[in-house]
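> One structure is given below, represented as structure tokens, and several questions about it will come after.
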Amino acid sequence: MIDWPITNGKAGNKLLKGTVVELCPVVAEDMERLYLWRNDEEAATLAAGSSMVVYSNISLDSLRTMYEENVRTARLDDKYNRAVFSIYTLDGVHIGNCDYRDVNPVTRTATIGIAILAKEYWSKGYGTDTLKVLLRFLFLRLNLKRVQLDTWSGNTRAIRAYEKCGFVVEGRLRQNEYVNGQYYDTIVMGLLCEEFALAD
């Protein structure tokens, strides 16, 4: 079985630990960094593709309000349906976020998203390690069978990270993204539990 430790993290919060990252519950202080990243054109474009304008067009106050509302309305059973994590390096640097959502308990499927937003941590294995930690949780703890994600075809760094973890292209929406004056495809990728075990 793949090792998947849960350790005590910042301020006693439980977190999921990998080789170079740990996934922590989102805290209010994370909103300030998220605001800066979402208003960085390059980081926002890679994270959101053609939705970059909507992704970036948000104030710090709005992010704080969203965070407070999520904390206020969070239910115990929500963690089985959806969750957002802040991605930290093992030495305590916040570098991005990831999530899972749309969990279907009948088909045992979910959709995930990941964004390494701190540029100095790009192309250094942090995204791949984040994916592995999240996927171990979803497959081994939530007992999911299949996970999917989508990205735009110009985000080659992310596609490489997904492929390293065993994701395969399952669909392509042609010219469904418009980024910096050029059309790109939306790439839909999927991974089955047994494929991840082989890839890992």
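To be explicit about the labels: the chains of the structure tokens are called A, B, and onward in the order shown, and within each one the residues are counted from 1, while ligands get numbers from 1 in the order they are shown.
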For A:Ser86, find every residue with an atom within 12 Å (counting only C-alpha atoms), except residues of its own chain fewer than 6 positions away, and show them as a ChimeraX atom specification.

/A:9-10,13,15-17,21-31,33-34,92-99,113-117,130,134

> Mind pulling up the distance from atom CA of A:Tyr35 to atom CA of A:Leu63?

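Computed distance, atom CA of A:Leu63 to atom CA of A:Tyr35, equals 7.3 Å.
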
> For A:Gly154, which residue among A:Val53, A:Val84, A:Ala48, A:Val71 is the nearest when counting only C-alpha atoms?

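Among the listed residues, A:Ala48 lies closest to A:Gly154.
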
> Using 12 Å as the limit and counting only C-alpha atoms, can you tabulate each residue of stretch 93-144 of chain A that touches stretch 167-180 of chain A, with its shortest atom-to-atom distance in Å and the two atoms involved, as a Markdown table?


| residue | atom | partner | partner_atom | distance |
| --- | --- | --- | --- | --- |
| A:Ile112 | CA | A:Phe167 | CA | 12.0 |
| A:Thr128 | CA | A:Phe167 | CA | 11.5 |
| A:Leu131 | CA | A:Phe167 | CA | 10.6 |
| A:Lys132 | CA | A:Phe167 | CA | 11.4 |
| A:Leu135 | CA | A:Phe167 | CA | 11.0 |

> Put those residues in a file: N, CA and C atoms, as a compact mmCIF listing (two decimals), in the first residue's frame.


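Result file again_23.txt:
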# COMPACT_ATOMS: atom_id res chain seq x y z
N ILE A 112 -10.78 17.28 -9.92
CA ILE A 112 -9.77 17.97 -9.12
C ILE A 112 -9.23 19.18 -9.87
N THR A 128 3.78 17.99 -9.26
CA THR A 128 3.66 16.53 -9.31
C THR A 128 3.47 15.95 -7.92
N LEU A 131 -0.05 16.62 -6.69
CA LEU A 131 -0.99 15.69 -7.31
C LEU A 131 -0.95 14.33 -6.64
N LYS A 132 0.24 13.82 -6.38
CA LYS A 132 0.36 12.50 -5.77
C LYS A 132 -0.27 12.46 -4.39
N LEU A 135 -4.09 12.66 -4.82
CA LEU A 135 -4.62 11.43 -5.40
C LEU A 135 -4.57 10.27 -4.41

> Which residue is closest to A:Leu149? Choose from A:Gly190, A:Gly127, A:Gly49, A:Gly181 and count only C-alpha atoms.

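Under the stated criterion, the closest residue is A:Gly190.
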
> Which residues come within 10 Å of stretch 105-111 of chain A, counting only C-alpha atoms, excluding same-chain residues fewer than 3 positions away, as JSON, numbers by chain?

{"A": [80, 81, 82, 99, 100, 101, 102, 138, 139, 142, 143, 144, 145, 146, 147, 148, 149, 150, 190, 191, 192]}

> Using only C-alpha atoms, find the one residue out of A:Asp40, A:Glu163, A:Glu195, A:Asp91 that sits nearest to A:Val20.

A:Asp91

> Which parts of stretch 56-164 of chain A does DSSP call helix (DSSP H, G or I) when run on the backbone here, written out as a count of residues only?

48

> Looking only at the backbone, which of the residues in stretch 138-175 of chain A does DSSP tag as strand (DSSP E or B), as number ranges by chain?

A: 146-152, 168-175

> Name the closest residue to A:Ser51 among the candidates A:Thr65, A:Thr151, A:Ser123, A:Asn104; distances are taken between atoms, counting only C-alpha atoms.

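Selected residue with least distance to A:Ser51: A:Thr151.
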
> From the options A:Thr89, A:Ser62, A:Glu41, A:Phe196, which residue's atoms come nearest to A:Arg136, counting only C-alpha atoms?

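Of A:Thr89, A:Ser62, A:Glu41, A:Phe196, the one nearest A:Arg136 is A:Phe196, counting only C-alpha atoms.
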